[in-house]
$ cat query_4.cif   # mmCIF, C-alpha atoms and all ligand atoms
data_work
#
loop_
_atom_site.label_atom_id
_atom_site.label_comp_id
_atom_site.auth_asym_id
_atom_site.auth_seq_id
_atom_site.Cartn_x
_atom_site.Cartn_y
_atom_site.Cartn_z
CA MET A 1 -3.67 -16.91 9.91
CA ASP A 2 -3.49 -20.13 7.93
CA ILE A 3 -4.20 -19.01 4.37
CA ARG A 4 -4.58 -22.39 2.63
CA ASN A 5 -7.89 -22.46 0.72
CA LYS A 6 -8.78 -18.98 1.96
CA THR A 7 -10.22 -16.37 -0.42
CA ILE A 8 -8.05 -13.26 -0.47
CA VAL A 9 -8.43 -9.96 -2.35
CA VAL A 10 -5.26 -8.18 -3.50
CA THR A 11 -5.63 -4.73 -5.07
CA GLY A 12 -2.73 -3.40 -7.09
CA ALA A 13 -2.01 -7.05 -7.83
CA THR A 14 0.00 -6.37 -10.99
CA GLY A 15 2.28 -3.83 -9.32
CA GLY A 16 5.76 -4.54 -8.02
CA ILE A 17 4.64 -5.19 -4.44
CA GLY A 18 1.17 -6.63 -5.23
CA ARG A 19 2.63 -9.17 -7.68
CA ALA A 20 5.27 -10.35 -5.17
CA VAL A 21 2.60 -10.70 -2.46
CA ALA A 22 0.23 -12.53 -4.83
CA ARG A 23 2.99 -15.02 -5.69
CA GLU A 24 3.60 -15.81 -2.00
CA LEU A 25 -0.13 -16.20 -1.27
CA SER A 26 -0.70 -18.37 -4.33
CA ASP A 27 2.23 -20.63 -3.39
CA GLU A 28 0.63 -21.13 0.02
CA GLY A 29 -2.65 -22.29 -1.52
CA ALA A 30 -4.90 -19.23 -1.27
CA THR A 31 -7.58 -18.45 -3.85
CA LEU A 32 -6.91 -14.92 -5.06
CA ILE A 33 -9.13 -12.18 -6.37
CA LEU A 34 -6.60 -10.06 -8.22
CA VAL A 35 -7.52 -6.44 -8.87
CA ALA A 36 -5.94 -3.81 -11.16
CA ARG A 37 -7.11 -1.78 -14.17
CA ASN A 38 -4.97 -3.26 -16.95
CA ALA A 39 -6.69 -6.52 -18.02
CA GLN A 40 -3.76 -7.77 -20.09
CA ARG A 41 -1.29 -7.50 -17.23
CA LEU A 42 -3.82 -9.19 -14.94
CA SER A 43 -4.27 -12.19 -17.22
CA GLY A 44 -0.47 -12.42 -17.54
CA LEU A 45 -0.30 -12.57 -13.74
CA VAL A 46 -2.99 -15.27 -13.52
CA ASN A 47 -1.03 -17.36 -16.06
CA GLU A 48 2.20 -16.77 -14.18
CA LEU A 49 0.61 -17.91 -10.90
CA GLY A 50 -0.67 -20.97 -12.72
CA GLY A 51 -3.78 -21.35 -10.63
CA ASP A 52 -7.14 -21.88 -12.35
CA ARG A 53 -8.61 -20.99 -9.00
CA HIS A 54 -7.56 -17.33 -9.17
CA VAL A 55 -9.91 -14.64 -10.47
CA ALA A 56 -8.83 -11.46 -12.27
CA VAL A 57 -10.99 -8.38 -11.84
CA SER A 58 -10.10 -5.52 -14.12
CA ALA A 59 -11.49 -2.58 -12.17
CA ASP A 60 -10.65 0.97 -11.17
CA ILE A 61 -10.98 1.13 -7.39
CA SER A 62 -11.74 4.85 -7.58
CA ASP A 63 -14.82 4.14 -9.63
CA ASP A 64 -18.15 3.07 -7.99
CA ALA A 65 -18.80 0.57 -10.81
CA GLY A 66 -15.26 -0.81 -10.42
CA ARG A 67 -15.78 -1.44 -6.72
CA ARG A 68 -19.15 -3.07 -7.45
CA ASP A 69 -17.39 -5.48 -9.85
CA ILE A 70 -14.90 -6.39 -7.12
CA VAL A 71 -17.71 -7.09 -4.62
CA LYS A 72 -19.53 -9.20 -7.22
CA ALA A 73 -16.41 -11.29 -7.87
CA CYS A 74 -15.91 -11.75 -4.12
CA ARG A 75 -19.53 -12.89 -3.65
CA SER A 76 -19.30 -15.48 -6.39
CA THR A 77 -15.80 -16.75 -5.52
CA GLY A 78 -15.95 -16.75 -1.73
CA SER A 79 -19.44 -18.13 -1.13
CA ASP A 80 -18.79 -18.17 2.62
CA GLY A 81 -17.08 -14.79 2.67
CA ILE A 82 -13.51 -13.59 2.24
CA SER A 83 -10.69 -13.94 4.76
CA LEU A 84 -8.34 -11.12 3.88
CA ILE A 85 -8.11 -7.97 1.82
CA ILE A 86 -4.74 -6.43 1.03
CA ASN A 87 -5.18 -2.82 -0.10
CA ALA A 88 -2.00 -2.37 -2.15
CA ALA A 89 -3.19 -0.34 -5.16
CA GLY A 90 -1.56 3.04 -5.13
CA THR A 91 -0.12 5.87 -7.14
CA ASN A 92 2.47 8.57 -6.58
CA SER A 93 3.39 11.97 -7.91
CA PHE A 94 6.75 13.50 -7.08
CA GLY A 95 7.01 17.26 -7.54
CA TRP A 96 6.87 20.64 -5.86
CA PHE A 97 3.44 21.14 -4.33
CA GLU A 98 2.84 24.55 -5.94
CA LYS A 99 3.24 22.93 -9.38
CA GLN A 100 0.63 20.21 -8.84
CA SER A 101 -2.74 20.51 -10.51
CA ALA A 102 -5.91 20.25 -8.44
CA ASP A 103 -6.98 17.25 -10.53
CA ALA A 104 -3.73 15.39 -9.90
CA VAL A 105 -4.02 15.98 -6.13
CA ARG A 106 -7.66 14.86 -6.15
CA ASP A 107 -6.85 11.69 -8.13
CA LEU A 108 -3.98 10.75 -5.86
CA LEU A 109 -6.05 11.15 -2.69
CA ASP A 110 -8.87 9.23 -4.32
CA VAL A 111 -6.79 6.18 -5.30
CA ASN A 112 -4.55 6.06 -2.21
CA LEU A 113 -7.01 7.04 0.53
CA LEU A 114 -10.70 7.30 -0.32
CA SER A 115 -10.88 4.21 -2.52
CA PRO A 116 -9.29 1.71 -0.08
CA ILE A 117 -11.59 3.11 2.63
CA LEU A 118 -14.69 2.67 0.44
CA LEU A 119 -13.61 -0.76 -0.76
CA THR A 120 -13.10 -1.83 2.85
CA LEU A 121 -16.60 -0.54 3.62
CA ASP A 122 -18.00 -2.58 0.72
CA LEU A 123 -16.13 -5.76 1.69
CA LEU A 124 -16.52 -5.65 5.47
CA PRO A 125 -19.79 -7.67 5.46
CA LEU A 126 -18.03 -10.41 3.45
CA LEU A 127 -15.01 -10.34 5.78
CA GLN A 128 -17.32 -10.64 8.77
CA GLN A 129 -18.99 -13.76 7.37
CA GLN A 130 -15.76 -15.52 8.37
CA LYS A 131 -15.07 -16.25 12.04
CA SER A 132 -11.72 -14.57 11.69
CA SER A 133 -10.57 -12.22 8.95
CA ARG A 134 -7.94 -9.58 8.27
CA ILE A 135 -7.57 -6.22 6.56
CA ILE A 136 -4.05 -5.14 5.58
CA ASN A 137 -3.45 -1.63 4.32
CA ILE A 138 -0.19 -0.93 2.55
CA GLY A 139 1.00 2.47 3.74
CA SER A 140 4.48 3.95 3.57
CA THR A 141 7.25 5.44 5.68
CA PHE A 142 5.81 8.64 4.16
CA GLY A 143 2.62 7.89 6.11
CA SER A 144 4.56 8.87 9.25
CA ILE A 145 7.21 11.27 7.96
CA GLY A 146 6.22 14.26 5.84
CA TYR A 147 8.77 14.50 3.02
CA PRO A 148 9.32 17.42 0.62
CA GLY A 149 8.14 16.75 -2.94
CA PHE A 150 5.56 14.18 -1.80
CA SER A 151 3.02 16.39 0.01
CA ALA A 152 -0.18 14.88 -1.39
CA TYR A 153 1.24 11.34 -1.26
CA CYS A 154 2.22 11.84 2.41
CA ALA A 155 -1.27 13.21 3.15
CA SER A 156 -2.84 10.12 1.59
CA LYS A 157 -0.69 7.69 3.58
CA PHE A 158 -1.03 9.62 6.87
CA GLY A 159 -4.78 9.35 6.28
CA LEU A 160 -4.61 5.62 5.54
CA ARG A 161 -2.64 5.07 8.74
CA GLY A 162 -5.27 6.97 10.76
CA PHE A 163 -8.08 5.01 9.14
CA THR A 164 -6.30 1.73 9.91
CA GLU A 165 -5.74 2.63 13.57
CA ALA A 166 -9.33 3.79 14.14
CA LEU A 167 -10.88 0.79 12.38
CA ARG A 168 -8.61 -1.63 14.26
CA ARG A 169 -9.87 -0.15 17.54
CA GLU A 170 -13.49 -0.13 16.37
CA LEU A 171 -13.33 -3.82 15.38
CA ALA A 172 -11.30 -4.91 18.43
CA ASP A 173 -14.11 -7.07 19.83
CA THR A 174 -14.94 -8.70 16.48
CA GLY A 175 -13.12 -11.40 14.51
CA THR A 176 -11.65 -8.89 12.04
CA ARG A 177 -8.11 -7.63 12.60
CA VAL A 178 -6.66 -4.59 10.86
CA SER A 179 -2.97 -3.97 10.12
CA TYR A 180 -0.85 -1.28 8.49
CA ILE A 181 2.39 -2.12 6.70
CA ALA A 182 4.75 0.70 5.82
CA PRO A 183 7.40 -0.11 3.21
CA ARG A 184 10.25 2.31 2.66
CA ALA A 185 11.32 3.11 -0.92
CA THR A 186 10.96 -0.03 -3.03
CA ARG A 187 12.12 -0.80 -6.59
CA THR A 188 8.85 -0.73 -8.52
CA ASP A 189 7.28 1.29 -11.33
CA LEU A 190 5.76 3.58 -8.69
CA ASN A 191 9.07 5.43 -8.60
CA SER A 192 10.03 7.44 -11.69
CA ASP A 193 13.62 7.53 -12.97
CA THR A 194 13.91 10.98 -11.37
CA VAL A 195 12.94 9.62 -7.94
CA ILE A 196 15.36 6.69 -8.32
CA ALA A 197 18.20 9.07 -9.28
CA MET A 198 17.35 11.33 -6.32
CA ASN A 199 17.28 8.37 -3.93
CA ASP A 200 20.68 7.24 -5.26
CA GLU A 201 22.17 10.71 -4.72
CA LEU A 202 20.66 11.04 -1.22
CA GLY A 203 21.75 7.52 -0.28
CA THR A 204 18.13 6.46 0.29
CA ALA A 205 17.94 2.66 0.35
CA MET A 206 15.45 0.97 -1.97
CA ASP A 207 14.14 -2.50 -1.18
CA ASP A 208 13.28 -5.33 -3.51
CA PRO A 209 9.49 -5.95 -3.67
CA ALA A 210 10.15 -9.60 -2.70
CA LEU A 211 11.44 -8.38 0.68
CA VAL A 212 8.25 -6.35 1.20
CA ALA A 213 6.19 -9.43 0.30
CA GLU A 214 8.08 -11.48 2.91
CA GLU A 215 7.23 -8.86 5.53
CA VAL A 216 3.57 -8.89 4.47
CA MET A 217 3.55 -12.69 4.87
CA ARG A 218 5.15 -12.31 8.31
CA VAL A 219 2.30 -10.00 9.36
CA ILE A 220 -0.30 -12.42 7.98
CA ARG A 221 1.25 -15.36 9.84
CA GLY A 222 2.05 -13.37 13.00
CA PRO A 223 -0.06 -11.98 15.81
CA ALA A 224 -3.17 -10.22 14.57
CA ASN A 225 -3.32 -6.43 14.75
CA SER A 226 0.42 -5.94 14.33
CA ASP A 227 1.73 -3.05 12.27
CA LYS A 228 5.03 -3.23 10.44
CA TYR A 229 7.51 -0.53 9.47
CA ILE A 230 10.04 -1.88 7.01
CA GLY A 231 13.69 -0.87 6.92
CA TRP A 232 16.38 0.44 9.19
CA PRO A 233 16.94 3.37 9.98
CA GLU A 234 13.51 4.38 8.58
CA LYS A 235 11.63 2.70 11.44
CA LEU A 236 13.78 4.67 13.92
CA PHE A 237 13.12 7.93 12.03
CA VAL A 238 9.37 7.26 12.30
CA ARG A 239 9.72 7.20 16.11
CA VAL A 240 12.08 10.19 16.23
CA ASN A 241 9.71 12.18 13.99
CA ALA A 242 6.77 11.40 16.30
CA LEU A 243 8.66 12.49 19.42
CA PHE A 244 11.03 15.18 18.16
CA PRO A 245 9.84 16.44 14.75
CA GLY A 246 12.29 19.38 14.94
CA ILE A 247 15.24 16.97 14.54
CA VAL A 248 13.76 15.59 11.32
CA ASP A 249 12.87 19.15 10.14
CA ASN A 250 16.55 20.08 10.44
CA SER A 251 17.83 16.95 8.76
CA LEU A 252 15.41 17.26 5.80
CA ARG A 253 16.24 20.95 5.44
CA LYS A 254 19.79 19.88 4.57
CA GLN A 255 18.41 17.63 1.80
CA LEU A 256 16.10 20.36 0.48
CA PRO A 257 18.39 21.80 -2.26
CA THR A 258 18.89 18.31 -3.72
CA ILE A 259 15.19 17.43 -3.54
CA ARG A 260 14.26 20.79 -5.11
CA ARG A 261 16.75 20.27 -7.97
CA PHE A 262 15.26 16.85 -8.82
CA ALA A 263 11.68 18.14 -8.45
CA ARG A 264 12.47 20.90 -10.97
CA SER A 265 14.22 18.54 -13.37
CA LYS A 266 11.45 15.96 -13.40
CA THR A 267 10.07 15.02 -16.82
N1 LIG B 301 7.35 1.43 -4.42
C1 LIG B 301 7.59 2.15 -3.33
O1 LIG B 301 8.64 2.82 -3.21
C2 LIG B 301 6.60 2.14 -2.19
C3 LIG B 301 7.05 2.57 -0.93
C4 LIG B 301 6.15 2.61 0.12
C5 LIG B 301 4.83 2.24 -0.10
N2 LIG B 301 4.43 1.83 -1.34
C6 LIG B 301 3.01 1.48 -1.51
O2 LIG B 301 2.90 0.13 -1.90
C7 LIG B 301 1.72 -0.06 -2.69
C8 LIG B 301 2.09 -0.79 -3.97
O3 LIG B 301 3.00 0.04 -4.71
P1 LIG B 301 3.94 -0.51 -5.86
O4 LIG B 301 5.28 0.06 -5.59
O5 LIG B 301 3.77 -1.97 -6.04
O6 LIG B 301 3.33 0.29 -7.10
P2 LIG B 301 3.23 -0.09 -8.65
O7 LIG B 301 4.27 -1.06 -9.03
O8 LIG B 301 3.18 1.21 -9.38
O9 LIG B 301 1.80 -0.79 -8.76
C9 LIG B 301 0.60 -0.12 -8.53
C10 LIG B 301 -0.55 -1.11 -8.68
O10 LIG B 301 -1.77 -0.46 -8.39
C11 LIG B 301 -2.67 -0.62 -9.49
N3 LIG B 301 -3.53 0.57 -9.54
C12 LIG B 301 -3.14 1.87 -9.64
N4 LIG B 301 -4.22 2.66 -9.69
C13 LIG B 301 -5.31 1.85 -9.61
C14 LIG B 301 -6.71 2.08 -9.62
N5 LIG B 301 -7.22 3.32 -9.73
N6 LIG B 301 -7.55 1.02 -9.53
C15 LIG B 301 -7.05 -0.23 -9.43
N7 LIG B 301 -5.73 -0.50 -9.41
C16 LIG B 301 -4.87 0.52 -9.50
C17 LIG B 301 -1.74 -0.78 -10.71
O11 LIG B 301 -2.34 -1.46 -11.80
P3 LIG B 301 -3.11 -0.68 -13.01
O12 LIG B 301 -2.24 0.49 -13.38
O13 LIG B 301 -3.27 -1.70 -14.09
O14 LIG B 301 -4.41 -0.27 -12.42
C18 LIG B 301 -0.67 -1.67 -10.09
O15 LIG B 301 -1.14 -2.99 -10.03
C19 LIG B 301 1.16 1.35 -2.93
O16 LIG B 301 0.10 1.58 -2.04
C20 LIG B 301 2.34 2.26 -2.60
O17 LIG B 301 1.90 3.54 -2.17
C21 LIG B 301 5.30 1.75 -2.38
#

$ encode --input "query_4.cif" --output "structure tokens" --more "lines below"
Ligand SMILES: NC(=O)c1ccc[n+]([C@@H]2O[C@H](COP(=O)([O-])OP(=O)(O)OC[C@H]3O[C@@H](n4cnc5c(N)ncnc54)[C@H](OP(=O)(O)O)[C@@H]3O)[C@@H](O)[C@H]2O)c1
Amino acid sequence: MDIRNKTIVVTGATGGIGRAVARELSDEGATLILVARNAQRLSGLVNELGGDRHVAVSADISDDAGRRDIVKACRSTGSDGISLIINAAGTNSFGWFEKQSADAVRDLLDVNLLSPILLTLDLLPLLQQQKSSRIINIGSTFGSIGYPGFSAYCASKFGLRGFTEALRRELADTGTRVSYIAPRATRTDLNSDTVIAMNDELGTAMDDPALVAEEVMRVIRGPANSDKYIGWPEKLFVRVNALFPGIVDNSLRKQLPTIRRFARSKT
């Protein structure tokens, strides 16, 4: 997809990954509708991108009124529709499942799963005003591999992957293409100091958000409908887990004492 002069929505735009993606898209001449809750960080981002053409929408995607504000901004900015939505807003909560509160689980599933689905539902008519358009959902390696300490997060990303696959197939004979991009651990504020320390001890690689943004751009420029799993050996583990989950069960069991120790120590 040639993104010059196209109107593109990025949720989670002020986050580590969203910001890096927004910078790439802005440099290539897109008009961006940048979504996050914190208005100050959003206006800082708009200044940093230096484009008067970009629009900041301070909205909570898990709130009906917030999603209405996003649709309103899209209608007034992209008079002939929008070309791409990148669902990157997300949250995480590392900890032993039995210690999670019902509210925390509900909130996580709402922001990571229900809200991108509902926002996509709201924006689909605007995407379909364009002859060709794209939906890109930012998932995770944990959307294919269940990992101890991240049960609700994994559930949300498994769900997002299923939604992406079904919608892609449903829209196969339309001009709208749907992709899923699964980063592995990435150095952003999503990961607490505890998670970073655990990843260091377990030897889990963490990518720079700029690398994830490059991969997102590759998907946008590449053949429609493609999914992308970032990082080696994570993309191999995704396949092994699908075919032989017992191998991954055994390997994660060895990591369990370390993961449990960090989960208990978390602040
Ligand atoms: N970092 C990783 O290790 C990693 C790995 C794999 C996948 N991912 C996925 O990549 C995506 C981006 O993550 P990130 O690492 O860039 O996270 P991040 O740095 O923590 O940024 C999260 C972004 O989402 C926004 N956000 C959170 N809740 C929101 C809500 N209710 N409504 C609107 N905006 C909301 C935040 O802004 P406000 O707080 O101002 O709303 C922020 O812009 C997420 O979907 C994440 O699951 C991340």

$ residues_near_ligand --input "query_4.cif" --ligand "ligand LIG 301 (chain B)" --cutoff "7 Å" --atoms "all atoms listed in the file" --output "PyMOL selection string"
chain A and resi 11-18+35-38+41+59-62+88-92+111-112+138-141+182-191

$ atom_distance --input "query_4.cif" --atom1 "atom CA of Ile33 of chain A" --atom2 "atom CA of Val9 of chain A"
4.6 Å

$ closest_residue --input "query_4.cif" --among "A:Phe94, A:Phe244, A:Phe142, A:Tyr180" --to "Cys154 of chain A" --atoms "all atoms listed in the file"
A:Phe142

$ closest_residue --input "query_4.cif" --among "A:Pro223, A:Pro116, A:Gly95, A:Gly231" --to "Val10 of chain A" --atoms "all atoms listed in the file"
A:Pro116

$ atom_distance --input "query_4.cif" --atom1 "atom CA of Ile136 of chain A" --atom2 "atom CA of Val178 of chain A"
5.9 Å

$ atom_distance --input "query_4.cif" --atom1 "atom CA of Leu34 of chain A" --atom2 "atom CA of Ala56 of chain A"
4.8 Å

$ closest_residue --input "query_4.cif" --among "A:Pro257, A:Trp96, A:Asp69, A:Leu42" --to "Arg19 of chain A" --atoms "only C-alpha atoms"
A:Leu42

$ residues_near_point --input "query_4.cif" --point "(-7.9, -7.0, 13.7)" --cutoff "9 Å" --atoms "only C-alpha atoms" --output "PyMOL selection string"
chain A and resi 132-135+167-169+171-179+224-226

$ closest_residue --input "query_4.cif" --among "A:Glu165, A:Asp103, A:Asp110, A:Asp64" --to "Asp122 of chain A" --atoms "all atoms listed in the file"
A:Asp64

$ closest_residue --input "query_4.cif" --among "A:Arg253, A:Ala205, A:Ser144, A:Val55" --to "Lys72 of chain A" --atoms "only C-alpha atoms"
A:Val55

$ closest_residue --input "query_4.cif" --among "A:Val212, A:Gly149, A:Thr31, A:Tyr229" --to "Leu49 of chain A" --atoms "all atoms listed in the file"
A:Thr31

$ axis_aligned_box --input "query_4.cif" --around "segment 201-208 of chain A" --padding-each-side "6 Å" --output "lines of an AutoDock Vina configuration file"
center_x = 17.7
center_y = 2.9
center_z = -2.2
size_x = 20.9
size_y = 28.4
size_z = 17.1

$ decode --input "query_4.cif" --residues "segment 22-108 of chain A" --atoms "C-alpha atoms" --output "mmCIF file, in the first residue's frame"
data_model
loop_
_atom_site.group_PDB
_atom_site.id
_atom_site.type_symbol
_atom_site.label_atom_id
_atom_site.label_comp_id
_atom_site.auth_asym_id
_atom_site.auth_seq_id
_atom_site.Cartn_x
_atom_site.Cartn_y
_atom_site.Cartn_z
ATOM 1 C CA ALA A 22 3.652 6.912 13.813
ATOM 2 C CA ARG A 23 7.079 8.401 13.066
ATOM 3 C CA GLU A 24 7.583 6.075 10.084
ATOM 4 C CA LEU A 25 4.087 6.753 8.714
ATOM 5 C CA SER A 26 4.430 10.502 9.158
ATOM 6 C CA ASP A 27 7.809 10.506 7.383
ATOM 7 C CA GLU A 28 6.149 8.761 4.440
ATOM 8 C CA GLY A 29 3.493 11.467 4.135
ATOM 9 C CA ALA A 30 0.428 9.915 5.784
ATOM 10 C CA THR A 31 -2.141 11.980 7.675
ATOM 11 C CA LEU A 32 -2.432 10.439 11.126
ATOM 12 C CA ILE A 33 -5.247 10.225 13.615
ATOM 13 C CA LEU A 34 -3.300 9.557 16.797
ATOM 14 C CA VAL A 35 -5.188 7.958 19.676
ATOM 15 C CA ALA A 36 -4.259 7.535 23.366
ATOM 16 C CA ARG A 37 -5.722 8.733 26.678
ATOM 17 C CA ASN A 38 -3.026 11.142 27.866
ATOM 18 C CA ALA A 39 -3.619 14.441 25.997
ATOM 19 C CA GLN A 40 -0.295 15.985 26.982
ATOM 20 C CA ARG A 41 1.745 13.091 25.622
ATOM 21 C CA LEU A 42 -0.361 13.162 22.447
ATOM 22 C CA SER A 43 0.277 16.847 21.789
ATOM 23 C CA GLY A 44 3.995 16.243 22.455
ATOM 24 C CA LEU A 45 3.887 13.536 19.786
ATOM 25 C CA VAL A 46 2.097 15.790 17.276
ATOM 26 C CA ASN A 47 4.786 18.466 17.833
ATOM 27 C CA GLU A 48 7.536 15.894 17.489
ATOM 28 C CA LEU A 49 6.080 14.648 14.185
ATOM 29 C CA GLY A 50 5.907 18.247 13.032
ATOM 30 C CA GLY A 51 2.880 17.776 10.837
ATOM 31 C CA ASP A 52 -0.022 20.229 11.095
ATOM 32 C CA ARG A 53 -1.952 17.611 9.212
ATOM 33 C CA HIS A 54 -2.009 15.125 12.105
ATOM 34 C CA VAL A 55 -4.930 14.967 14.541
ATOM 35 C CA ALA A 56 -4.685 13.969 18.204
ATOM 36 C CA VAL A 57 -7.684 12.247 19.760
ATOM 37 C CA SER A 58 -7.477 11.854 23.498
ATOM 38 C CA ALA A 59 -9.824 8.920 24.046
ATOM 39 C CA ASP A 60 -10.149 5.720 26.026
ATOM 40 C CA ILE A 61 -10.817 2.955 23.501
ATOM 41 C CA SER A 62 -12.611 0.920 26.163
ATOM 42 C CA ASP A 63 -15.177 3.655 26.566
ATOM 43 C CA ASP A 64 -18.165 4.006 24.154
ATOM 44 C CA ALA A 65 -17.824 7.811 24.189
ATOM 45 C CA GLY A 66 -14.082 7.498 23.504
ATOM 46 C CA ARG A 67 -14.695 5.340 20.447
ATOM 47 C CA ARG A 68 -17.370 7.784 19.241
ATOM 48 C CA ASP A 69 -14.792 10.608 19.448
ATOM 49 C CA ILE A 70 -12.377 8.559 17.329
ATOM 50 C CA VAL A 71 -15.053 7.916 14.673
ATOM 51 C CA LYS A 72 -15.956 11.621 14.660
ATOM 52 C CA ALA A 73 -12.314 12.620 14.112
ATOM 53 C CA CYS A 74 -12.017 10.059 11.303
ATOM 54 C CA ARG A 75 -15.167 11.377 9.587
ATOM 55 C CA SER A 76 -13.966 14.965 9.649
ATOM 56 C CA THR A 77 -10.336 14.237 8.707
ATOM 57 C CA GLY A 78 -10.789 11.525 6.099
ATOM 58 C CA SER A 79 -13.755 12.869 4.142
ATOM 59 C CA ASP A 80 -13.436 9.999 1.658
ATOM 60 C CA GLY A 81 -12.793 7.373 4.308
ATOM 61 C CA ILE A 82 -9.715 6.001 6.032
ATOM 62 C CA SER A 83 -7.129 3.664 4.518
ATOM 63 C CA LEU A 84 -5.638 1.898 7.498
ATOM 64 C CA ILE A 85 -6.172 1.326 11.185
ATOM 65 C CA ILE A 86 -3.354 0.053 13.366
ATOM 66 C CA ASN A 87 -4.737 -1.319 16.639
ATOM 67 C CA ALA A 88 -1.666 -0.937 18.866
ATOM 68 C CA ALA A 89 -3.149 0.261 22.180
ATOM 69 C CA GLY A 90 -2.586 -2.333 24.832
ATOM 70 C CA THR A 91 -1.877 -3.051 28.449
ATOM 71 C CA ASN A 92 -0.247 -5.850 30.411
ATOM 72 C CA SER A 93 -0.251 -7.285 33.888
ATOM 73 C CA PHE A 94 2.432 -9.735 34.952
ATOM 74 C CA GLY A 95 1.620 -11.866 37.989
ATOM 75 C CA TRP A 96 0.360 -15.198 39.226
ATOM 76 C CA PHE A 97 -3.185 -15.738 37.990
ATOM 77 C CA GLU A 98 -4.623 -16.594 41.425
ATOM 78 C CA LYS A 99 -3.486 -13.168 42.686
ATOM 79 C CA GLN A 100 -5.220 -11.153 39.954
ATOM 80 C CA SER A 101 -8.374 -9.255 40.772
ATOM 81 C CA ALA A 102 -11.495 -9.773 38.664
ATOM 82 C CA ASP A 103 -11.467 -6.067 37.783
ATOM 83 C CA ALA A 104 -7.872 -6.187 36.550
ATOM 84 C CA VAL A 105 -8.630 -9.219 34.344
ATOM 85 C CA ARG A 106 -11.775 -7.551 32.977
ATOM 86 C CA ASP A 107 -9.910 -4.306 32.200
ATOM 87 C CA LEU A 108 -7.089 -6.095 30.435
#
